Amino acid sequence: MTLSALHDVGRAVDVVADGTTLAQYVYVPTDVQLESPRPYLHPVRTRGGDLVTAFRPHDHVWHKGIAWSLPVVGEHNFWGGPTYVHGQGYVQLENDGSMDHVALTDLEVADDRVDLTHTLAWHTQQREHVIDEQRTLGFVVPAGRDDAWVLTFETAMTNVSSADLTIGSPTTRGRENAGYGGLFWRGPRSFTGGTLLAPDFSGGEEVRGTRGPWMGFVGRHDGTGGASTVVIVDGTDNPSHPPQWFARTEQFGCLNPAPFFSTEVPFAPGDTLRFRYAVVIADGSSDPASAAALALLGEREMLTR
């Protein structure tokens with residue numbers, strides 16, 4: 001197995017294994033302000049080359065593959081699009097902020113992994129600098145597995161403004177069972193109608209809002225009819241662990257460990273919040289038992305960092 005990183009300096013890093021681009025991390029996006037410009041991972045593929053992310057789907061153009069996305073940060077929106085206002089529904093406000101590239105401070109390539117460190121500055125739509133962030137991403141090809149790889153994602157966010165930036169969700173603002181926000185994965189259109197997996201669970205959207213250490217999604221691909229599995233693992237030291245999960249199968253496929261689902265997390269001036277996740281991308285279908293094994297694989301990779 002040959003692992004490499006192709007750096008398009010000032011734009012993106014591609015991680016390639018044996019000729020297959022596992023993921024592209026776009027760290028300087030060209031999105032319009034309405035979509036809250038922020039780094040994202042797309043395309044993301046399995047070891048076998050199947051695509052498991054969607055980019056700018058027509059129903060929610062601010063969904064970008066896998067991205068750190070927060071709809072309620074004080075009065076600011078770092079998710080994109082309209083903001084939920086209780087009693088009015090979704091309203092397009094002048095509050096779509098951006099997570100802006102400062103520096104890619106580290107890029108290391110080893111036989112079995114690629115690691116990068118990224119510094120960002122978050123700005124409101126009015127260009128006020130409110131948050132400094134350092135995130136690290138690892139792209140790991142585990143030994144003994146030719147059907148799976150692991151993305152690790154860690155972030156440390158510091159409130160550098162003079163205002164309280166308490167983080168919540170549409171649910172904390174009054175919309176029932178819509179607690180999305182955090183590390184958000186949007187699957188391809190063909191994954192609609194897929195299967196959600198959790199410890200001792202296989203089914204549909206009835207699992208949304210429940211708590212658990214991990215959750216998975218099995219979807220099928222157009223063309224080949226084959227299947228892929230995506231499992232996201234929550235770091236045990238994350239705020240609100242184990243989190244409530246925001247997940248969909250009916251309108252589209254998505255997964256999101258949502259630490260702000262129903263309870264706001266304080267973020268006062270000078271505070272630093274830290275989160276850590278693993279995303280396991282696997283060829284083939286899974287059941288709760290095999291998804292639990294993938295989750296364990298992701299958990300182990302988080303612990304090696």
# chains A, B, ... in the order shown; residues from 1 in each chain; ligands from 1

call {"tool": "residues_around", "arguments": {"residues": "Ala282 of chain A", "least_positions_apart": "6", "cutoff": "12 Å", "atoms": "only C-alpha atoms", "output": "PDB file with all heavy atoms, in the first residue's frame"}}
result
ATOM      1  N   LEU A  22      -8.613   9.099  -1.292  1.00  0.00           N
ATOM      2  CA  LEU A  22      -9.500   8.810  -0.164  1.00  0.00           C
ATOM      3  C   LEU A  22     -10.272  10.051   0.251  1.00  0.00           C
ATOM      4  O   LEU A  22     -11.452   9.957   0.621  1.00  0.00           O
ATOM      5  CB  LEU A  22      -8.699   8.267   1.011  1.00  0.00           C
ATOM      6  CG  LEU A  22      -7.929   6.967   0.789  1.00  0.00           C
ATOM      7  CD1 LEU A  22      -7.200   6.566   2.060  1.00  0.00           C
ATOM      8  CD2 LEU A  22      -8.867   5.854   0.326  1.00  0.00           C
ATOM      9  N   VAL A  44     -14.946  12.263  -0.544  1.00  0.00           N
ATOM     10  CA  VAL A  44     -14.442  11.239   0.373  1.00  0.00           C
ATOM     11  C   VAL A  44     -14.840   9.895  -0.220  1.00  0.00           C
ATOM     12  O   VAL A  44     -16.005   9.705  -0.596  1.00  0.00           O
ATOM     13  CB  VAL A  44     -15.022  11.406   1.791  1.00  0.00           C
ATOM     14  CG1 VAL A  44     -14.549  10.283   2.699  1.00  0.00           C
ATOM     15  CG2 VAL A  44     -14.629  12.765   2.375  1.00  0.00           C
ATOM     16  N   ARG A  45     -13.882   8.976  -0.298  1.00  0.00           N
ATOM     17  CA  ARG A  45     -14.129   7.683  -0.929  1.00  0.00           C
ATOM     18  C   ARG A  45     -13.667   6.534  -0.032  1.00  0.00           C
ATOM     19  O   ARG A  45     -12.789   6.708   0.827  1.00  0.00           O
ATOM     20  CB  ARG A  45     -13.388   7.584  -2.269  1.00  0.00           C
ATOM     21  CG  ARG A  45     -13.867   8.548  -3.331  1.00  0.00           C
ATOM     22  CD  ARG A  45     -13.180   8.280  -4.662  1.00  0.00           C
ATOM     23  NE  ARG A  45     -13.680   9.159  -5.723  1.00  0.00           N
ATOM     24  CZ  ARG A  45     -13.160  10.338  -6.030  1.00  0.00           C
ATOM     25  NH1 ARG A  45     -12.110  10.779  -5.323  1.00  0.00           N
ATOM     26  NH2 ARG A  45     -13.656  11.068  -7.004  1.00  0.00           N
ATOM     27  N   THR A  46     -14.239   5.370  -0.270  1.00  0.00           N
ATOM     28  CA  THR A  46     -13.790   4.147   0.383  1.00  0.00           C
ATOM     29  C   THR A  46     -12.467   3.686  -0.230  1.00  0.00           C
ATOM     30  O   THR A  46     -12.030   4.200  -1.265  1.00  0.00           O
ATOM     31  CB  THR A  46     -14.827   3.031   0.224  1.00  0.00           C
ATOM     32  OG1 THR A  46     -14.879   2.653  -1.164  1.00  0.00           O
ATOM     33  CG2 THR A  46     -16.208   3.480   0.676  1.00  0.00           C
ATOM     34  N   ARG A  47     -11.868   2.677   0.396  1.00  0.00           N
ATOM     35  CA  ARG A  47     -10.646   2.097  -0.166  1.00  0.00           C
ATOM     36  C   ARG A  47     -10.903   1.562  -1.573  1.00  0.00           C
ATOM     37  O   ARG A  47     -10.017   1.584  -2.432  1.00  0.00           O
ATOM     38  CB  ARG A  47     -10.121   0.969   0.728  1.00  0.00           C
ATOM     39  CG  ARG A  47      -9.689   1.400   2.117  1.00  0.00           C
ATOM     40  CD  ARG A  47      -8.322   2.055   2.112  1.00  0.00           C
ATOM     41  NE  ARG A  47      -7.282   1.166   1.625  1.00  0.00           N
ATOM     42  CZ  ARG A  47      -6.675   0.228   2.355  1.00  0.00           C
ATOM     43  NH1 ARG A  47      -7.028   0.045   3.623  1.00  0.00           N
ATOM     44  NH2 ARG A  47      -5.728  -0.514   1.825  1.00  0.00           N
ATOM     45  N   GLY A  48     -12.139   1.092  -1.811  1.00  0.00           N
ATOM     46  CA  GLY A  48     -12.493   0.572  -3.120  1.00  0.00           C
ATOM     47  C   GLY A  48     -12.859   1.627  -4.138  1.00  0.00           C
ATOM     48  O   GLY A  48     -13.148   1.303  -5.297  1.00  0.00           O
ATOM     49  N   GLY A  49     -12.882   2.890  -3.710  1.00  0.00           N
ATOM     50  CA  GLY A  49     -13.129   3.988  -4.641  1.00  0.00           C
ATOM     51  C   GLY A  49     -14.547   4.494  -4.719  1.00  0.00           C
ATOM     52  O   GLY A  49     -14.849   5.372  -5.539  1.00  0.00           O
ATOM     53  N   ASP A  50     -15.447   4.002  -3.862  1.00  0.00           N
ATOM     54  CA  ASP A  50     -16.834   4.473  -3.899  1.00  0.00           C
ATOM     55  C   ASP A  50     -16.981   5.808  -3.167  1.00  0.00           C
ATOM     56  O   ASP A  50     -16.465   5.983  -2.051  1.00  0.00           O
ATOM     57  CB  ASP A  50     -17.772   3.442  -3.260  1.00  0.00           C
ATOM     58  CG  ASP A  50     -18.005   2.244  -4.156  1.00  0.00           C
ATOM     59  OD1 ASP A  50     -18.089   2.435  -5.388  1.00  0.00           O
ATOM     60  OD2 ASP A  50     -18.111   1.114  -3.636  1.00  0.00           O
ATOM     61  N   LEU A  51     -17.704   6.726  -3.777  1.00  0.00           N
ATOM     62  CA  LEU A  51     -17.908   8.059  -3.215  1.00  0.00           C
ATOM     63  C   LEU A  51     -18.951   8.021  -2.100  1.00  0.00           C
ATOM     64  O   LEU A  51     -20.054   7.492  -2.287  1.00  0.00           O
ATOM     65  CB  LEU A  51     -18.372   9.009  -4.318  1.00  0.00           C
ATOM     66  CG  LEU A  51     -18.634  10.466  -3.928  1.00  0.00           C
ATOM     67  CD1 LEU A  51     -17.338  11.158  -3.555  1.00  0.00           C
ATOM     68  CD2 LEU A  51     -19.334  11.191  -5.081  1.00  0.00           C
ATOM     69  N   VAL A  52     -18.637   8.612  -0.940  1.00  0.00           N
ATOM     70  CA  VAL A  52     -19.563   8.575   0.198  1.00  0.00           C
ATOM     71  C   VAL A  52     -19.924   9.969   0.712  1.00  0.00           C
ATOM     72  O   VAL A  52     -20.444  10.106   1.817  1.00  0.00           O
ATOM     73  CB  VAL A  52     -19.006   7.710   1.355  1.00  0.00           C
ATOM     74  CG1 VAL A  52     -18.875   6.258   0.925  1.00  0.00           C
ATOM     75  CG2 VAL A  52     -17.674   8.252   1.871  1.00  0.00           C
ATOM     76  N   VAL A 141      -4.665   4.529   7.416  1.00  0.00           N
ATOM     77  CA  VAL A 141      -4.980   3.242   6.797  1.00  0.00           C
ATOM     78  C   VAL A 141      -4.503   2.160   7.764  1.00  0.00           C
ATOM     79  O   VAL A 141      -3.296   1.894   7.863  1.00  0.00           O
ATOM     80  CB  VAL A 141      -4.299   3.102   5.427  1.00  0.00           C
ATOM     81  CG1 VAL A 141      -4.603   1.734   4.821  1.00  0.00           C
ATOM     82  CG2 VAL A 141      -4.771   4.212   4.486  1.00  0.00           C
ATOM     83  N   PRO A 142      -5.422   1.525   8.514  1.00  0.00           N
ATOM     84  CA  PRO A 142      -5.002   0.577   9.554  1.00  0.00           C
ATOM     85  C   PRO A 142      -4.384  -0.681   8.970  1.00  0.00           C
ATOM     86  O   PRO A 142      -4.777  -1.164   7.906  1.00  0.00           O
ATOM     87  CB  PRO A 142      -6.323   0.238  10.276  1.00  0.00           C
ATOM     88  CG  PRO A 142      -7.298   1.287   9.851  1.00  0.00           C
ATOM     89  CD  PRO A 142      -6.877   1.704   8.484  1.00  0.00           C
ATOM     90  N   ARG A 145      -6.302  -4.231   7.373  1.00  0.00           N
ATOM     91  CA  ARG A 145      -7.629  -3.953   6.817  1.00  0.00           C
ATOM     92  C   ARG A 145      -7.464  -3.366   5.415  1.00  0.00           C
ATOM     93  O   ARG A 145      -6.802  -2.339   5.245  1.00  0.00           O
ATOM     94  CB  ARG A 145      -8.402  -2.938   7.690  1.00  0.00           C
ATOM     95  CG  ARG A 145      -8.706  -3.380   9.110  1.00  0.00           C
ATOM     96  CD  ARG A 145      -9.760  -4.467   9.172  1.00  0.00           C
ATOM     97  NE  ARG A 145     -11.034  -4.108   8.608  1.00  0.00           N
ATOM     98  CZ  ARG A 145     -12.161  -3.947   9.331  1.00  0.00           C
ATOM     99  NH1 ARG A 145     -12.130  -4.072  10.648  1.00  0.00           N
ATOM    100  NH2 ARG A 145     -13.315  -3.677   8.729  1.00  0.00           N
ATOM    101  N   ASP A 146      -8.054  -4.006   4.428  1.00  0.00           N
ATOM    102  CA  ASP A 146      -8.025  -3.451   3.084  1.00  0.00           C
ATOM    103  C   ASP A 146      -9.384  -2.904   2.674  1.00  0.00           C
ATOM    104  O   ASP A 146      -9.577  -2.514   1.527  1.00  0.00           O
ATOM    105  CB  ASP A 146      -7.542  -4.492   2.072  1.00  0.00           C
ATOM    106  CG  ASP A 146      -8.456  -5.715   1.996  1.00  0.00           C
ATOM    107  OD1 ASP A 146      -9.488  -5.747   2.687  1.00  0.00           O
ATOM    108  OD2 ASP A 146      -8.111  -6.654   1.246  1.00  0.00           O
ATOM    109  N   ASP A 147     -10.324  -2.875   3.652  1.00  0.00           N
ATOM    110  CA  ASP A 147     -11.695  -2.449   3.354  1.00  0.00           C
ATOM    111  C   ASP A 147     -12.097  -1.191   4.106  1.00  0.00           C
ATOM    112  O   ASP A 147     -13.254  -0.762   4.013  1.00  0.00           O
ATOM    113  CB  ASP A 147     -12.680  -3.563   3.706  1.00  0.00           C
ATOM    114  CG  ASP A 147     -12.683  -3.894   5.202  1.00  0.00           C
ATOM    115  OD1 ASP A 147     -11.668  -3.610   5.879  1.00  0.00           O
ATOM    116  OD2 ASP A 147     -13.692  -4.432   5.689  1.00  0.00           O
ATOM    117  N   ALA A 148     -11.184  -0.581   4.871  1.00  0.00           N
ATOM    118  CA  ALA A 148     -11.575   0.548   5.713  1.00  0.00           C
ATOM    119  C   ALA A 148     -10.394   1.484   5.943  1.00  0.00           C
ATOM    120  O   ALA A 148      -9.228   1.085   5.899  1.00  0.00           O
ATOM    121  CB  ALA A 148     -12.123   0.063   7.066  1.00  0.00           C
ATOM    122  N   TRP A 149     -10.725   2.749   6.193  1.00  0.00           N
ATOM    123  CA  TRP A 149      -9.734   3.714   6.650  1.00  0.00           C
ATOM    124  C   TRP A 149     -10.408   4.657   7.637  1.00  0.00           C
ATOM    125  O   TRP A 149     -11.637   4.661   7.766  1.00  0.00           O
ATOM    126  CB  TRP A 149      -9.090   4.471   5.494  1.00  0.00           C
ATOM    127  CG  TRP A 149      -9.973   5.412   4.726  1.00  0.00           C
ATOM    128  CD1 TRP A 149     -10.831   5.099   3.710  1.00  0.00           C
ATOM    129  CD2 TRP A 149     -10.070   6.831   4.918  1.00  0.00           C
ATOM    130  NE1 TRP A 149     -11.464   6.228   3.256  1.00  0.00           N
ATOM    131  CE2 TRP A 149     -11.012   7.305   3.970  1.00  0.00           C
ATOM    132  CE3 TRP A 149      -9.452   7.741   5.776  1.00  0.00           C
ATOM    133  CZ2 TRP A 149     -11.365   8.669   3.875  1.00  0.00           C
ATOM    134  CZ3 TRP A 149      -9.792   9.093   5.677  1.00  0.00           C
ATOM    135  CH2 TRP A 149     -10.731   9.546   4.743  1.00  0.00           C
ATOM    136  N   VAL A 150      -9.596   5.433   8.365  1.00  0.00           N
ATOM    137  CA  VAL A 150     -10.109   6.247   9.463  1.00  0.00           C
ATOM    138  C   VAL A 150      -9.661   7.690   9.299  1.00  0.00           C
ATOM    139  O   VAL A 150      -8.479   7.973   9.095  1.00  0.00           O
ATOM    140  CB  VAL A 150      -9.628   5.716  10.837  1.00  0.00           C
ATOM    141  CG1 VAL A 150     -10.190   6.570  11.970  1.00  0.00           C
ATOM    142  CG2 VAL A 150     -10.025   4.249  11.018  1.00  0.00           C
ATOM    143  N   LEU A 151     -10.625   8.593   9.409  1.00  0.00           N
ATOM    144  CA  LEU A 151     -10.352  10.024   9.513  1.00  0.00           C
ATOM    145  C   LEU A 151     -10.466  10.418  10.975  1.00  0.00           C
ATOM    146  O   LEU A 151     -11.497  10.151  11.609  1.00  0.00           O
ATOM    147  CB  LEU A 151     -11.366  10.818   8.689  1.00  0.00           C
ATOM    148  CG  LEU A 151     -11.434  12.326   8.949  1.00  0.00           C
ATOM    149  CD1 LEU A 151     -10.204  13.026   8.387  1.00  0.00           C
ATOM    150  CD2 LEU A 151     -12.718  12.928   8.356  1.00  0.00           C
ATOM    151  N   GLY A 216     -23.674   4.651  12.942  1.00  0.00           N
ATOM    152  CA  GLY A 216     -23.256   4.327  11.595  1.00  0.00           C
ATOM    153  C   GLY A 216     -24.377   4.470  10.592  1.00  0.00           C
ATOM    154  O   GLY A 216     -25.564   4.572  10.962  1.00  0.00           O
ATOM    155  N   PHE A 217     -23.998   4.465   9.331  1.00  0.00           N
ATOM    156  CA  PHE A 217     -24.959   4.592   8.231  1.00  0.00           C
ATOM    157  C   PHE A 217     -24.508   3.665   7.107  1.00  0.00           C
ATOM    158  O   PHE A 217     -23.339   3.686   6.708  1.00  0.00           O
ATOM    159  CB  PHE A 217     -24.996   6.038   7.731  1.00  0.00           C
ATOM    160  CG  PHE A 217     -26.144   6.364   6.815  1.00  0.00           C
ATOM    161  CD1 PHE A 217     -27.177   7.182   7.247  1.00  0.00           C
ATOM    162  CD2 PHE A 217     -26.200   5.857   5.528  1.00  0.00           C
ATOM    163  CE1 PHE A 217     -28.250   7.485   6.406  1.00  0.00           C
ATOM    164  CE2 PHE A 217     -27.250   6.154   4.684  1.00  0.00           C
ATOM    165  CZ  PHE A 217     -28.284   6.969   5.121  1.00  0.00           C
ATOM    166  N   VAL A 218     -25.436   2.859   6.605  1.00  0.00           N
ATOM    167  CA  VAL A 218     -25.171   2.015   5.442  1.00  0.00           C
ATOM    168  C   VAL A 218     -25.995   2.534   4.275  1.00  0.00           C
ATOM    169  O   VAL A 218     -27.222   2.689   4.384  1.00  0.00           O
ATOM    170  CB  VAL A 218     -25.533   0.544   5.712  1.00  0.00           C
ATOM    171  CG1 VAL A 218     -25.322  -0.302   4.451  1.00  0.00           C
ATOM    172  CG2 VAL A 218     -24.709  -0.012   6.864  1.00  0.00           C
ATOM    173  N   GLY A 219     -25.329   2.840   3.177  1.00  0.00           N
ATOM    174  CA  GLY A 219     -26.000   3.319   1.978  1.00  0.00           C
ATOM    175  C   GLY A 219     -25.554   2.543   0.760  1.00  0.00           C
ATOM    176  O   GLY A 219     -24.504   1.888   0.763  1.00  0.00           O
ATOM    177  N   GLY A 226     -23.579  -1.595  -5.114  1.00  0.00           N
ATOM    178  CA  GLY A 226     -22.821  -1.954  -3.922  1.00  0.00           C
ATOM    179  C   GLY A 226     -23.150  -1.046  -2.749  1.00  0.00           C
ATOM    180  O   GLY A 226     -23.884  -0.063  -2.877  1.00  0.00           O
ATOM    181  N   ALA A 227     -22.598  -1.378  -1.586  1.00  0.00           N
ATOM    182  CA  ALA A 227     -22.879  -0.638  -0.358  1.00  0.00           C
ATOM    183  C   ALA A 227     -21.591  -0.152   0.291  1.00  0.00           C
ATOM    184  O   ALA A 227     -20.513  -0.709   0.070  1.00  0.00           O
ATOM    185  CB  ALA A 227     -23.655  -1.507   0.621  1.00  0.00           C
ATOM    186  N   SER A 228     -21.729   0.896   1.093  1.00  0.00           N
ATOM    187  CA  SER A 228     -20.636   1.402   1.921  1.00  0.00           C
ATOM    188  C   SER A 228     -21.187   1.717   3.301  1.00  0.00           C
ATOM    189  O   SER A 228     -22.392   1.951   3.477  1.00  0.00           O
ATOM    190  CB  SER A 228     -20.011   2.660   1.326  1.00  0.00           C
ATOM    191  OG  SER A 228     -19.410   2.408   0.078  1.00  0.00           O
ATOM    192  N   THR A 229     -20.282   1.762   4.269  1.00  0.00           N
ATOM    193  CA  THR A 229     -20.646   2.063   5.652  1.00  0.00           C
ATOM    194  C   THR A 229     -19.812   3.242   6.154  1.00  0.00           C
ATOM    195  O   THR A 229     -18.597   3.278   5.939  1.00  0.00           O
ATOM    196  CB  THR A 229     -20.398   0.853   6.562  1.00  0.00           C
ATOM    197  OG1 THR A 229     -21.160  -0.266   6.091  1.00  0.00           O
ATOM    198  CG2 THR A 229     -20.809   1.162   8.000  1.00  0.00           C
ATOM    199  N   VAL A 230     -20.478   4.181   6.807  1.00  0.00           N
ATOM    200  CA  VAL A 230     -19.804   5.290   7.482  1.00  0.00           C
ATOM    201  C   VAL A 230     -20.154   5.216   8.960  1.00  0.00           C
ATOM    202  O   VAL A 230     -21.338   5.128   9.318  1.00  0.00           O
ATOM    203  CB  VAL A 230     -20.239   6.651   6.904  1.00  0.00           C
ATOM    204  CG1 VAL A 230     -19.619   7.804   7.700  1.00  0.00           C
ATOM    205  CG2 VAL A 230     -19.874   6.759   5.429  1.00  0.00           C
ATOM    206  N   VAL A 231     -19.143   5.220   9.824  1.00  0.00           N
ATOM    207  CA  VAL A 231     -19.345   5.188  11.274  1.00  0.00           C
ATOM    208  C   VAL A 231     -18.616   6.381  11.881  1.00  0.00           C
ATOM    209  O   VAL A 231     -17.436   6.605  11.590  1.00  0.00           O
ATOM    210  CB  VAL A 231     -18.819   3.880  11.901  1.00  0.00           C
ATOM    211  CG1 VAL A 231     -18.925   3.934  13.428  1.00  0.00           C
ATOM    212  CG2 VAL A 231     -19.585   2.675  11.366  1.00  0.00           C
ATOM    213  N   ILE A 232     -19.311   7.155  12.719  1.00  0.00           N
ATOM    214  CA  ILE A 232     -18.690   8.276  13.422  1.00  0.00           C
ATOM    215  C   ILE A 232     -18.633   7.936  14.908  1.00  0.00           C
ATOM    216  O   ILE A 232     -19.620   7.469  15.492  1.00  0.00           O
ATOM    217  CB  ILE A 232     -19.449   9.592  13.199  1.00  0.00           C
ATOM    218  CG1 ILE A 232     -19.551   9.904  11.694  1.00  0.00           C
ATOM    219  CG2 ILE A 232     -18.745  10.741  13.932  1.00  0.00           C
ATOM    220  CD1 ILE A 232     -20.245  11.221  11.382  1.00  0.00           C
ATOM    221  N   SER A 290     -20.786  -5.625  13.261  1.00  0.00           N
ATOM    222  CA  SER A 290     -19.618  -5.236  12.457  1.00  0.00           C
ATOM    223  C   SER A 290     -19.395  -3.728  12.515  1.00  0.00           C
ATOM    224  O   SER A 290     -18.245  -3.263  12.446  1.00  0.00           O
ATOM    225  CB  SER A 290     -19.784  -5.704  11.012  1.00  0.00           C
ATOM    226  OG  SER A 290     -20.987  -5.237  10.442  1.00  0.00           O
ATOM    227  N   ALA A 291     -20.471  -2.940  12.669  1.00  0.00           N
ATOM    228  CA  ALA A 291     -20.302  -1.495  12.841  1.00  0.00           C
ATOM    229  C   ALA A 291     -19.618  -1.187  14.170  1.00  0.00           C
ATOM    230  O   ALA A 291     -18.818  -0.256  14.265  1.00  0.00           O
ATOM    231  CB  ALA A 291     -21.650  -0.791  12.761  1.00  0.00           C
ATOM    232  N   ALA A 293     -17.381  -3.030  15.527  1.00  0.00           N
ATOM    233  CA  ALA A 293     -15.954  -3.297  15.296  1.00  0.00           C
ATOM    234  C   ALA A 293     -15.294  -2.135  14.568  1.00  0.00           C
ATOM    235  O   ALA A 293     -14.147  -1.772  14.867  1.00  0.00           O
ATOM    236  CB  ALA A 293     -15.799  -4.599  14.508  1.00  0.00           C
ATOM    237  N   LEU A 294     -16.007  -1.535  13.619  1.00  0.00           N
ATOM    238  CA  LEU A 294     -15.470  -0.351  12.943  1.00  0.00           C
ATOM    239  C   LEU A 294     -15.333   0.810  13.929  1.00  0.00           C
ATOM    240  O   LEU A 294     -14.347   1.561  13.885  1.00  0.00           O
ATOM    241  CB  LEU A 294     -16.380   0.046  11.783  1.00  0.00           C
ATOM    242  CG  LEU A 294     -16.436  -0.921  10.597  1.00  0.00           C
ATOM    243  CD1 LEU A 294     -17.509  -0.467   9.603  1.00  0.00           C
ATOM    244  CD2 LEU A 294     -15.085  -1.029   9.904  1.00  0.00           C
ATOM    245  N   ALA A 295     -16.321   0.970  14.817  1.00  0.00           N
ATOM    246  CA  ALA A 295     -16.240   2.035  15.822  1.00  0.00           C
ATOM    247  C   ALA A 295     -15.026   1.835  16.725  1.00  0.00           C
ATOM    248  O   ALA A 295     -14.337   2.804  17.084  1.00  0.00           O
ATOM    249  CB  ALA A 295     -17.526   2.072  16.647  1.00  0.00           C
ATOM    250  N   LEU A 297     -12.266   0.384  15.892  1.00  0.00           N
ATOM    251  CA  LEU A 297     -11.119   0.764  15.070  1.00  0.00           C
ATOM    252  C   LEU A 297     -10.909   2.284  15.119  1.00  0.00           C
ATOM    253  O   LEU A 297      -9.785   2.767  15.293  1.00  0.00           O
ATOM    254  CB  LEU A 297     -11.360   0.307  13.637  1.00  0.00           C
ATOM    255  CG  LEU A 297     -10.229   0.425  12.633  1.00  0.00           C
ATOM    256  CD1 LEU A 297      -9.077  -0.501  12.993  1.00  0.00           C
ATOM    257  CD2 LEU A 297     -10.754   0.108  11.229  1.00  0.00           C
ATOM    258  N   GLY A 298     -11.998   3.058  14.969  1.00  0.00           N
ATOM    259  CA  GLY A 298     -11.902   4.503  15.052  1.00  0.00           C
ATOM    260  C   GLY A 298     -11.470   4.989  16.413  1.00  0.00           C
ATOM    261  O   GLY A 298     -10.646   5.910  16.532  1.00  0.00           O
TER     262      GLY A 298
END

call {"tool": "select_by_dssp", "arguments": {"residues": "segment 39-242 of chain A", "states": "helix (DSSP H, G or I)", "output": "VMD selection string"}}
result
chain A and resid 189 to 191 205 to 207

call {"tool": "write_last_selection", "arguments": {"atoms": "N, CA and C atoms", "output": "short mmCIF file (atom, residue, chain, number, x, y, z; two decimals), in the first residue's frame"}}
result
data_model
loop_
_atom_site.label_atom_id
_atom_site.label_comp_id
_atom_site.auth_asym_id
_atom_site.auth_seq_id
_atom_site.Cartn_x
_atom_site.Cartn_y
_atom_site.Cartn_z
N ARG A 189 -26.74 11.26 -2.84
CA ARG A 189 -28.19 11.18 -3.04
C ARG A 189 -28.68 9.74 -2.98
N SER A 190 -27.89 8.79 -3.50
CA SER A 190 -28.33 7.40 -3.53
C SER A 190 -28.42 6.77 -2.15
N PHE A 191 -27.86 7.43 -1.12
CA PHE A 191 -27.93 6.89 0.23
C PHE A 191 -29.29 7.16 0.89
N GLU A 205 -35.03 6.66 11.22
CA GLU A 205 -34.89 7.94 11.91
C GLU A 205 -35.44 7.96 13.32
N GLU A 206 -36.08 6.88 13.75
CA GLU A 206 -36.56 6.85 15.13
C GLU A 206 -35.41 6.94 16.14
N VAL A 207 -34.18 6.70 15.69
CA VAL A 207 -33.02 6.78 16.58
C VAL A 207 -32.52 8.21 16.74
#

call {"tool": "atom_distance", "arguments": {"atom1": "atom CA of His63 of chain A", "atom2": "atom CA of Arg300 of chain A"}}
result
28.5 Å

call {"tool": "closest_atom_pairs", "arguments": {"of": "segment 221-292 of chain A", "to": "segment 70-91 of chain A", "cutoff": "12 Å", "atoms": "only C-alpha atoms", "output": "CSV"}}
result
residue,atom,partner,partner_atom,distance
A:Asn256,CA,A:Leu70,CA,11.2
A:Pro257,CA,A:Leu70,CA,12.0
A:Ala258,CA,A:Leu70,CA,9.8
A:Pro259,CA,A:Leu70,CA,10.6
A:Phe260,CA,A:Val72,CA,9.1
A:Phe261,CA,A:Val72,CA,10.7
A:Thr263,CA,A:Val72,CA,11.8
A:Glu264,CA,A:Val72,CA,9.4
A:Val265,CA,A:Val73,CA,9.7
A:Pro266,CA,A:Gly74,CA,9.6
A:Phe267,CA,A:Gly74,CA,8.7
A:Ala268,CA,A:Gly74,CA,9.9
A:Pro269,CA,A:Gly74,CA,11.6

call {"tool": "atom_distance", "arguments": {"atom1": "atom CA of Val102 of chain A", "atom2": "atom CA of Thr53 of chain A"}}
result
25.8 Å

call {"tool": "atom_distance", "arguments": {"atom1": "atom CA of Gly194 of chain A", "atom2": "atom CA of Trp62 of chain A"}}
result
21.7 Å

call {"tool": "closest_residue", "arguments": {"among": "A:Thr210, A:Thr272, A:Ser286, A:Thr192", "to": "Pro243 of chain A", "atoms": "only C-alpha atoms"}}
result
A:Thr210

call {"tool": "closest_residue", "arguments": {"among": "A:Thr236, A:Thr195, A:Ser69, A:Thr2", "to": "Pro213 of chain A", "atoms": "only C-alpha atoms"}}
result
A:Thr236

call {"tool": "closest_residue", "arguments": {"among": "A:Thr249, A:Asn159, A:Ser98, A:Thr304", "to": "Pro29 of chain A", "atoms": "only C-alpha atoms"}}
result
A:Ser98

call {"tool": "select_by_dssp", "arguments": {"residues": "segment 49-220 of chain A", "states": "strand (DSSP E)", "output": "JSON, numbers by chain"}}
result
{"A": [66, 67, 68, 69, 70, 71, 72, 73, 76, 77, 78, 83, 84, 85, 89, 90, 91, 98, 99, 100, 101, 102, 103, 104, 105, 106, 107, 108, 109, 113, 114, 115, 116, 117, 118, 119, 120, 121, 122, 123, 129, 130, 131, 132, 133, 134, 135, 136, 137, 138, 139, 140, 148, 149, 150, 151, 152, 153, 154, 155, 156, 157, 158, 159, 167, 168, 182, 183, 184, 185, 186, 195, 196, 197, 198, 201, 202, 203, 214, 215, 216, 217, 218, 219, 220]}

call {"tool": "residues_around", "arguments": {"residues": "Ala12 of chain A", "least_positions_apart": "2", "cutoff": "7 Å", "atoms": "only C-alpha atoms", "output": "ChimeraX atom specification"}}
result
/A:7-10,14,24-28

call {"tool": "closest_residue", "arguments": {"among": "A:Gln125, A:Ser285, A:Thr119, A:Thr105", "to": "Val32 of chain A", "atoms": "only C-alpha atoms"}}
result
A:Gln125

call {"tool": "residues_around", "arguments": {"residues": "Asp200 of chain A", "least_positions_apart": "4", "cutoff": "10 Å", "atoms": "only C-alpha atoms", "output": "number ranges by chain"}}
result
A: 287-289, 292
